[in-house]
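Structure file target.txt (compact mmCIF, C-alpha atoms) is printed below.
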```
# COMPACT_ATOMS: atom_id res chain seq x y z
CA MET M 15 29.50 -45.73 -40.59
CA ALA M 16 31.16 -49.15 -40.28
CA GLN M 17 28.74 -51.07 -42.38
CA PRO M 18 29.73 -53.54 -45.11
CA SER M 19 31.94 -56.55 -44.56
CA ASN M 20 34.61 -54.91 -46.73
CA TYR M 21 34.85 -51.93 -44.36
CA THR M 22 38.59 -51.53 -43.85
CA GLN M 23 38.99 -48.50 -41.61
CA GLY M 24 38.52 -50.26 -38.28
CA HIS M 25 37.14 -48.86 -35.04
CA SER M 26 40.16 -47.64 -33.14
CA ASN M 27 39.83 -44.58 -30.93
CA TYR M 28 41.51 -42.53 -33.68
CA THR M 29 38.93 -43.51 -36.29
CA ILE M 30 35.95 -43.27 -33.94
CA ALA M 31 37.09 -39.79 -32.89
CA THR M 32 36.05 -38.58 -36.35
CA HIS M 33 32.69 -40.32 -36.16
CA LEU M 34 31.96 -38.89 -32.71
CA SER M 35 32.50 -35.36 -34.00
CA ARG M 36 29.68 -35.67 -36.55
CA THR M 37 26.25 -34.21 -35.79
CA ALA M 38 22.93 -34.00 -37.61
CA GLU M 39 23.62 -30.32 -38.21
CA SER M 40 27.08 -30.87 -39.67
CA SER M 41 26.34 -34.05 -41.64
CA ALA M 42 22.65 -33.87 -42.52
CA ALA M 43 21.83 -30.16 -42.81
CA PHE M 44 20.59 -30.76 -46.37
CA LEU M 45 17.99 -33.23 -45.02
CA LEU M 46 16.80 -31.44 -41.88
CA PRO M 47 14.24 -29.10 -43.53
CA TYR M 48 12.36 -32.14 -44.87
CA ILE M 49 12.00 -34.02 -41.57
CA LYS M 50 8.51 -34.02 -40.04
CA LYS M 51 7.95 -34.42 -36.31
CA THR M 52 6.14 -37.72 -36.78
CA ASP M 53 8.66 -39.31 -39.16
CA SER M 54 10.19 -42.73 -38.66
CA ILE M 55 13.89 -42.59 -39.57
CA LEU M 56 16.47 -45.27 -40.29
CA ASP M 57 20.17 -44.36 -40.09
CA VAL M 58 22.21 -47.01 -41.92
CA GLY M 59 25.83 -47.37 -40.80
CA CYS M 60 25.10 -45.23 -37.76
CA GLY M 61 28.46 -45.66 -36.02
CA PRO M 62 28.46 -44.21 -32.47
CA GLY M 63 25.06 -42.66 -33.06
CA THR M 64 25.75 -38.94 -32.75
CA ILE M 65 23.98 -38.16 -36.04
CA THR M 66 21.20 -40.65 -35.27
CA MET M 67 20.34 -38.99 -31.98
CA GLY M 68 20.49 -35.59 -33.61
CA LEU M 69 18.01 -36.64 -36.30
CA ALA M 70 15.65 -37.90 -33.60
CA LYS M 71 15.36 -34.38 -32.17
CA TYR M 72 13.73 -33.29 -35.43
CA ALA M 73 11.36 -36.29 -35.37
CA SER M 74 10.30 -35.67 -31.79
CA GLU M 75 6.97 -37.47 -32.20
CA GLY M 76 8.34 -40.27 -34.36
CA ARG M 77 10.99 -42.95 -33.90
CA THR M 78 14.56 -43.33 -35.06
CA VAL M 79 16.58 -46.50 -35.58
CA GLY M 80 20.33 -46.74 -36.07
CA VAL M 81 21.85 -49.90 -37.57
CA ASP M 82 25.51 -50.81 -37.86
CA ILE M 83 27.55 -53.94 -38.47
CA SER M 84 29.85 -53.41 -35.46
CA PRO M 85 28.64 -54.57 -32.02
CA SER M 86 31.39 -52.59 -30.26
CA VAL M 87 30.45 -49.35 -31.97
CA LEU M 88 26.77 -49.97 -31.26
CA GLN M 89 27.62 -50.35 -27.59
CA LYS M 90 29.28 -46.92 -27.72
CA ALA M 91 26.09 -45.55 -29.26
CA LYS M 92 23.86 -47.13 -26.61
CA THR M 93 26.10 -45.85 -23.81
CA LEU M 94 26.10 -42.32 -25.22
CA ALA M 95 22.30 -42.41 -25.60
CA ALA M 96 21.87 -43.57 -22.00
CA GLU M 97 24.23 -40.88 -20.71
CA THR M 98 22.17 -38.19 -22.47
CA ASN M 99 18.81 -39.66 -21.41
CA VAL M 100 17.60 -40.43 -24.92
CA PRO M 101 14.34 -42.44 -24.71
CA THR M 102 14.34 -45.95 -26.17
CA GLU M 103 10.58 -46.22 -26.57
CA GLY M 104 7.66 -43.92 -27.29
CA PRO M 105 7.68 -40.61 -29.20
CA GLY M 106 11.16 -39.35 -30.01
CA SER M 107 12.73 -42.69 -29.19
CA VAL M 108 16.07 -43.97 -30.53
CA VAL M 109 17.15 -47.61 -30.69
CA PHE M 110 20.33 -49.15 -32.06
CA LYS M 111 20.37 -52.52 -33.79
CA GLU M 112 23.03 -54.71 -35.36
CA GLY M 113 22.50 -55.14 -39.09
CA ASN M 114 24.23 -55.32 -42.46
CA VAL M 115 22.53 -53.56 -45.35
CA LEU M 116 24.32 -55.82 -47.83
CA GLU M 117 22.81 -58.90 -46.24
CA GLY M 118 19.32 -57.39 -45.98
CA LEU M 119 17.70 -55.11 -43.43
CA ALA M 120 15.38 -56.72 -40.88
CA TYR M 121 12.40 -54.55 -41.80
CA PRO M 122 9.41 -55.05 -44.11
CA ASP M 123 8.95 -53.11 -47.32
CA ASP M 124 7.74 -49.51 -46.95
CA THR M 125 8.62 -49.12 -43.25
CA PHE M 126 10.43 -45.77 -42.89
CA ASP M 127 9.65 -42.20 -43.89
CA ILE M 128 13.36 -41.38 -44.17
CA VAL M 129 16.39 -43.59 -44.72
CA PHE M 130 19.73 -41.86 -44.20
CA ALA M 131 23.40 -42.81 -44.53
CA SER M 132 26.48 -40.67 -43.91
CA GLN M 133 29.91 -41.65 -45.26
CA LEU M 134 28.74 -45.21 -45.95
CA PHE M 135 29.12 -45.65 -49.69
CA GLY M 136 32.75 -44.61 -49.88
CA HIS M 137 33.54 -47.94 -48.24
CA MET M 138 31.77 -49.91 -50.98
CA PRO M 139 33.72 -50.39 -54.21
CA PRO M 140 31.47 -49.49 -57.16
CA PRO M 141 29.24 -50.38 -58.74
CA ASP M 142 27.69 -53.63 -57.45
CA LEU M 143 27.95 -53.23 -53.67
CA PRO M 144 26.65 -49.65 -53.44
CA ARG M 145 23.86 -50.48 -55.90
CA ARG M 146 22.82 -53.45 -53.75
CA ALA M 147 22.84 -51.31 -50.60
CA LEU M 148 20.84 -48.50 -52.20
CA ALA M 149 18.25 -50.93 -53.51
CA GLU M 150 17.82 -52.43 -50.04
CA MET M 151 17.50 -48.99 -48.45
CA ARG M 152 14.91 -48.03 -51.06
CA ARG M 153 12.96 -51.22 -50.32
CA VAL M 154 12.31 -50.27 -46.68
CA LEU M 155 11.40 -46.69 -47.62
CA LYS M 156 7.72 -45.75 -47.74
CA PRO M 157 6.26 -44.47 -51.03
CA GLY M 158 6.92 -40.74 -51.03
CA GLY M 159 9.68 -41.18 -48.46
CA ILE M 160 13.17 -39.73 -48.72
CA LEU M 161 16.47 -41.57 -49.17
CA ALA M 162 19.30 -39.22 -48.16
CA THR M 163 23.03 -39.89 -48.45
CA ARG M 164 26.22 -37.93 -47.85
CA ASP M 165 29.57 -39.20 -49.09
CA GLY M 166 33.00 -37.79 -49.78
CA ALA M 167 33.60 -36.82 -53.39
CA GLY M 168 37.06 -35.30 -53.08
CA GLN M 169 39.55 -33.64 -50.77
CA HIS M 170 42.53 -31.35 -51.14
CA PHE M 171 45.44 -30.27 -48.96
CA TYR M 172 46.90 -26.81 -49.38
CA PRO M 173 49.57 -25.85 -50.16
CA PRO M 174 49.95 -28.62 -52.77
CA SER M 175 53.75 -28.51 -52.61
CA LEU M 176 53.73 -30.99 -49.70
CA ASP M 177 52.42 -33.66 -52.09
CA LEU M 178 49.64 -34.80 -49.75
CA GLU M 179 47.38 -35.15 -52.80
CA ARG M 180 49.46 -38.20 -53.72
CA LEU M 181 50.57 -39.33 -50.28
CA TRP M 182 47.26 -39.04 -48.47
CA VAL M 183 44.35 -38.59 -50.89
CA ARG M 184 45.46 -41.01 -53.60
CA ASN M 185 46.70 -43.63 -51.15
CA GLN M 186 43.47 -43.41 -49.18
CA ASN M 187 41.53 -44.06 -52.37
CA ARG M 188 43.80 -47.04 -53.08
CA ALA M 189 43.06 -48.46 -49.63
CA LEU M 190 39.31 -48.00 -50.07
CA ASN M 191 39.24 -49.49 -53.57
CA LYS M 192 42.17 -51.86 -53.64
CA GLU M 193 40.53 -54.14 -56.23
CA ASP M 194 40.38 -51.26 -58.74
CA PRO M 195 42.31 -48.23 -57.45
CA ASN M 196 41.61 -46.32 -60.68
CA ALA M 197 37.82 -46.57 -60.31
CA ASP M 198 35.87 -43.38 -59.72
CA PRO M 199 35.23 -43.02 -55.97
CA THR M 200 31.69 -44.09 -55.11
CA GLY M 201 30.85 -40.65 -53.72
CA THR M 202 31.35 -39.15 -57.19
CA ILE M 203 28.86 -41.45 -58.96
CA MET M 204 25.93 -41.35 -56.53
CA PRO M 205 23.51 -39.73 -59.03
CA ALA M 206 24.04 -42.62 -61.45
CA LEU M 207 23.60 -45.13 -58.64
CA PHE M 208 20.33 -43.52 -57.52
CA ARG M 209 19.09 -43.72 -61.10
CA SER M 210 20.13 -47.37 -61.37
CA VAL M 211 17.92 -48.46 -58.45
CA GLY M 212 14.79 -46.73 -59.70
CA PHE M 213 14.86 -43.10 -58.54
CA ASP M 214 13.36 -40.73 -61.13
CA ILE M 215 16.12 -38.18 -61.62
CA ASP M 216 14.69 -36.78 -64.86
CA GLY M 217 11.25 -36.43 -63.28
CA GLY M 218 12.50 -34.16 -60.50
CA LYS M 219 12.42 -36.80 -57.77
CA VAL M 220 16.13 -36.40 -56.94
CA ILE M 221 18.15 -33.44 -55.71
CA VAL M 222 21.91 -33.61 -56.23
CA GLY M 223 23.75 -31.25 -53.92
CA ALA M 224 27.16 -30.65 -52.47
CA GLY M 225 28.54 -29.67 -49.09
CA SER M 226 32.01 -28.87 -47.90
CA SER M 227 34.11 -28.91 -44.79
CA VAL M 228 37.30 -26.99 -44.16
CA THR M 229 40.12 -27.66 -41.72
CA VAL M 230 41.97 -24.47 -40.89
CA GLY M 231 43.88 -23.20 -37.88
CA LYS M 232 46.72 -24.78 -35.94
CA ASP M 233 44.61 -26.71 -33.44
CA ALA M 234 42.35 -28.17 -36.15
CA ARG M 235 45.35 -29.18 -38.28
CA LYS M 236 47.04 -30.81 -35.29
CA TRP M 237 43.89 -32.79 -34.48
CA LEU M 238 43.65 -34.09 -38.06
CA VAL M 239 47.28 -35.18 -38.02
CA TRP M 240 46.92 -36.70 -34.53
CA ARG M 241 44.15 -38.88 -35.93
CA ALA M 242 46.14 -39.81 -39.04
CA THR M 243 49.26 -40.63 -37.02
CA GLY M 244 47.28 -42.94 -34.77
CA GLN M 245 45.53 -44.63 -37.67
CA LEU M 246 48.78 -45.23 -39.55
CA GLN M 247 50.55 -47.09 -36.73
CA PRO M 248 51.18 -50.87 -36.79
CA GLY M 249 48.29 -52.70 -35.19
CA ASP M 250 45.60 -50.29 -36.40
CA THR M 251 43.17 -51.74 -38.95
CA PHE M 252 43.45 -48.53 -40.97
CA TYR M 253 47.23 -49.02 -41.24
CA GLN M 254 46.75 -52.62 -42.36
CA SER M 255 44.31 -51.52 -45.05
CA TRP M 256 47.07 -49.40 -46.60
CA LEU M 257 49.53 -52.28 -46.56
CA ASP M 258 46.91 -54.58 -48.09
CA ALA M 259 46.48 -52.07 -50.93
CA GLY M 260 50.20 -52.32 -51.74
CA ILE M 261 51.22 -49.06 -50.09
CA THR M 262 54.73 -49.48 -48.70
CA GLU M 263 55.92 -48.70 -45.20
CA ASP M 264 58.21 -46.08 -46.74
CA GLU M 265 55.22 -44.34 -48.37
CA ILE M 266 53.36 -44.42 -45.06
CA GLN M 267 56.27 -42.76 -43.30
CA GLN M 268 56.53 -40.15 -46.07
CA THR M 269 52.83 -39.45 -45.58
CA LEU M 270 53.24 -38.92 -41.84
CA VAL M 271 56.26 -36.64 -42.30
CA ALA M 272 54.42 -34.52 -44.86
CA ALA M 273 51.27 -34.39 -42.70
CA LYS M 274 53.25 -33.18 -39.68
CA LYS M 275 54.89 -30.47 -41.81
CA TRP M 276 51.44 -29.45 -43.04
CA ALA M 277 50.12 -29.22 -39.47
CA GLU M 278 52.94 -26.88 -38.46
CA MET M 279 52.73 -24.72 -41.58
CA GLU M 280 51.09 -21.38 -40.90
CA ASP M 281 47.91 -20.90 -42.94
CA ALA M 282 47.87 -24.43 -44.40
CA TRP M 283 44.35 -25.80 -44.86
CA HIS M 284 42.31 -28.76 -46.04
CA ALA M 285 39.00 -28.89 -47.89
CA ALA M 286 36.64 -31.83 -48.41
CA LEU M 287 33.75 -31.94 -50.89
CA GLN M 288 30.66 -34.00 -50.06
CA CYS M 289 28.02 -35.35 -52.45
CA GLU M 290 24.60 -34.84 -50.83
CA MET M 291 21.72 -36.78 -52.35
CA LEU M 292 17.97 -36.60 -51.73
CA GLY M 293 15.71 -39.06 -53.53
CA TRP M 294 11.92 -39.41 -53.23
CA LYS M 295 10.48 -42.89 -53.72
```

Represent the supplied structure as C-alpha cells.
Amino acid sequence: MAQPSNYTQGHSNYTIATHLSRTAESSAAFLLPYIKKTDSILDVGCGPGTITMGLAKYASEGRTVGVDISPSVLQKAKTLAAETNVPTEGPGSVVFKEGNVLEGLAYPDDTFDIVFASQLFGHMPPPDLPRRALAEMRRVLKPGGILATRDGAGQHFYPPSLDLERLWVRNQNRALNKEDPNADPTGTIMPALFRSVGFDIDGGKVIVGAGSSVTVGKDARKWLVWRATGQLQPGDTFYQSWLDAGITEDEIQQTLVAAKKWAEMEDAWHAALQCEMLGWK
C-alpha cells in the first residue's frame, strides 16, 4: 500500500497493523470470481503481502508479483511468505519486488492477466498522479485483462455528537491532500479516472461497485483507537503528516480524546465505504 513518493502514512507498527489485517477475501472479494487458475497477477502497492499471497491461492497454476516502494515493508512480506511456505517459483509462486508505479513498472506491455491495487489511490492527490498510475497499470495489462482497484470513498463515526467527522475524517483528508484539502478524495472519482486512461465505461467494459466495512463491539473499537493513538504520537510519520497539513497539536489531542470516548461508548460504531472498480482492457 505504501507506493508513491508522496505517501505520508509511514510504516510504523501501528500503520502496518492495519495492512497485515487485510486479506484477499476482505479486500478483493469483488475480483475473486474472475481469477483463473493460470492467471498472472500484479499487486501494486502490496505492503506486507497478505492480500498478494491470498490472490495467489486463486491463481494456483499461475504466478503473482507484489511490488511496493518500501524495502522494509517488502522484507516483512518476504518473511511472512517464507514462514508460510509460499513458493517463489513455479506454479502458484509469489515474488515481491521493489518498484514505484509513478516512475514506471519494470515489465513490458501486456504482461499480466490481472493488475490489482488496494488502498493505493487515496494516497495520490487527484487528478494527475492517480491518472499516471492507472495508465501505467493499464500498460502492463494484457488485452482482455482486468484492472481492479479498491479505495476508500468515505467513512463515518457514530454517534456523530463526538465530532469525529471533523476531528478524524476531515483532518485525515487534509493530511492526504494537503495541497488541496477541498478536492474530492481520489476514491470518489475512480470511474472518471478509469475513463480518462482509456477504459470503455459506456461500452460495458467497467463495473463500478462498492463495499463496506464496519467496526463494532468494544474490542474492535479499542483496537481502532489503539492504532490511531500510536499513529498520532510525536515521531510517527502519520503524526507528522497531520502537522504538515496545518493541523494543530491541540486538534490532534482533541481527536485522541474524542476517539477514546468513542471506544468506551456502548454501541458506538464506525462504517467505511469502499469504491471497487473492475475494468477490462

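Residue nearest M:Ala70, chosen from M:Lys51, M:Lys192, M:Lys274, M:Arg209 and counting all atoms listed in the file: M:Lys51.
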
Selected residue of minimal separation from M:Asp264 among M:Ile203, M:Leu143, M:Ala43, M:Leu181, counting all atoms listed in the file
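Under the stated criterion, the closest residue is M:Leu181.
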
Residues near stretch 233-236 of chain M, cut-off 7 Å, only C-alpha atoms, skip fewer than 4 positions along chain, as a list in words
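In the requested format, the answer is Thr229, Trp240 and Ala277 of chain M.
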
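In terms of minimum interatomic distance to M:Ala149, M:Leu207 ranks closest within M:Ala167, M:Ala189, M:Leu94, M:Leu207, counting all atoms listed in the file.
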
Atom pair atom CA of M:Asp258 / atom CA of M:Pro199: separation (Å)
18.2 Å

Closest-contact table, stretch 40-113 of chain M side, partner stretch 158-161 of chain M, 12 Å, counting all atoms listed in the file, as JSON lines:
```
{"residue": "M:Ala42", "atom": "CA", "partner": "M:Leu161", "partner_atom": "CA", "distance": 11.9}
{"residue": "M:Phe44", "atom": "CA", "partner": "M:Ile160", "partner_atom": "CA", "distance": 11.9}
{"residue": "M:Leu45", "atom": "CA", "partner": "M:Ile160", "partner_atom": "CA", "distance": 8.9}
{"residue": "M:Leu46", "atom": "CA", "partner": "M:Ile160", "partner_atom": "CA", "distance": 11.3}
{"residue": "M:Pro47", "atom": "CA", "partner": "M:Ile160", "partner_atom": "CA", "distance": 11.9}
{"residue": "M:Tyr48", "atom": "CA", "partner": "M:Ile160", "partner_atom": "CA", "distance": 8.5}
{"residue": "M:Ile49", "atom": "CA", "partner": "M:Ile160", "partner_atom": "CA", "distance": 9.2}
{"residue": "M:Lys50", "atom": "CA", "partner": "M:Gly159", "partner_atom": "CA", "distance": 11.1}
{"residue": "M:Asp53", "atom": "CA", "partner": "M:Gly159", "partner_atom": "CA", "distance": 9.5}
{"residue": "M:Ser54", "atom": "CA", "partner": "M:Gly159", "partner_atom": "CA", "distance": 9.9}
{"residue": "M:Ile55", "atom": "CA", "partner": "M:Ile160", "partner_atom": "CA", "distance": 9.6}
{"residue": "M:Leu56", "atom": "CA", "partner": "M:Leu161", "partner_atom": "CA", "distance": 9.6}
{"residue": "M:Asp57", "atom": "CA", "partner": "M:Leu161", "partner_atom": "CA", "distance": 10.2}
{"residue": "M:Val58", "atom": "CA", "partner": "M:Leu161", "partner_atom": "CA", "distance": 10.7}
```

Looking at M:Met67, M:Leu292, M:Ile266, M:Ala95, which one is nearest to M:Asp214, with distances taken over all atoms listed in the file?
M:Leu292

For M:Thr163, please output as a short mmCIF file (atom, residue, chain, number, x, y, z; two decimals) with C-alpha atoms, in the frame of the given file all residues within 7 Å (counting all atoms listed in the file; exclusion window: fewer than 6 positions along the same chain).
```cif
data_model
loop_
_atom_site.label_atom_id
_atom_site.label_comp_id
_atom_site.auth_asym_id
_atom_site.auth_seq_id
_atom_site.Cartn_x
_atom_site.Cartn_y
_atom_site.Cartn_z
CA PHE M 130 19.73 -41.86 -44.20
CA ALA M 131 23.40 -42.81 -44.53
CA SER M 132 26.48 -40.67 -43.91
CA GLU M 290 24.60 -34.84 -50.83
CA MET M 291 21.72 -36.78 -52.35
CA LEU M 292 17.97 -36.60 -51.73
#
```

Mind pulling up the distance from atom CA of M:Pro248 to atom CA of M:Thr200?
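So the answer is 27.6 Å.
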
Determine the nearest neighbour of M:Asp281 from the options M:Pro101, M:Phe171, M:Gly244, M:Leu134, counting only C-alpha atoms.
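Using only C-alpha atoms, the shortest distance to M:Asp281 belongs to M:Phe171.
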
Give me the residues near M:Ser227 as a ChimeraX atom specification, where near means some atom within 8 Å (using all atoms listed in the file) and where sequence neighbours in that chain fewer than 4 positions away do not count.
/M:285-287

Residues as selected, C-alpha atoms, written as a short mmCIF file (atom, residue, chain, number, x, y, z; two decimals), keeping the file's coordinate frame, can you do that?
```cif
data_model
loop_
_atom_site.label_atom_id
_atom_site.label_comp_id
_atom_site.auth_asym_id
_atom_site.auth_seq_id
_atom_site.Cartn_x
_atom_site.Cartn_y
_atom_site.Cartn_z
CA ALA M 285 39.00 -28.89 -47.89
CA ALA M 286 36.64 -31.83 -48.41
CA LEU M 287 33.75 -31.94 -50.89
#
```
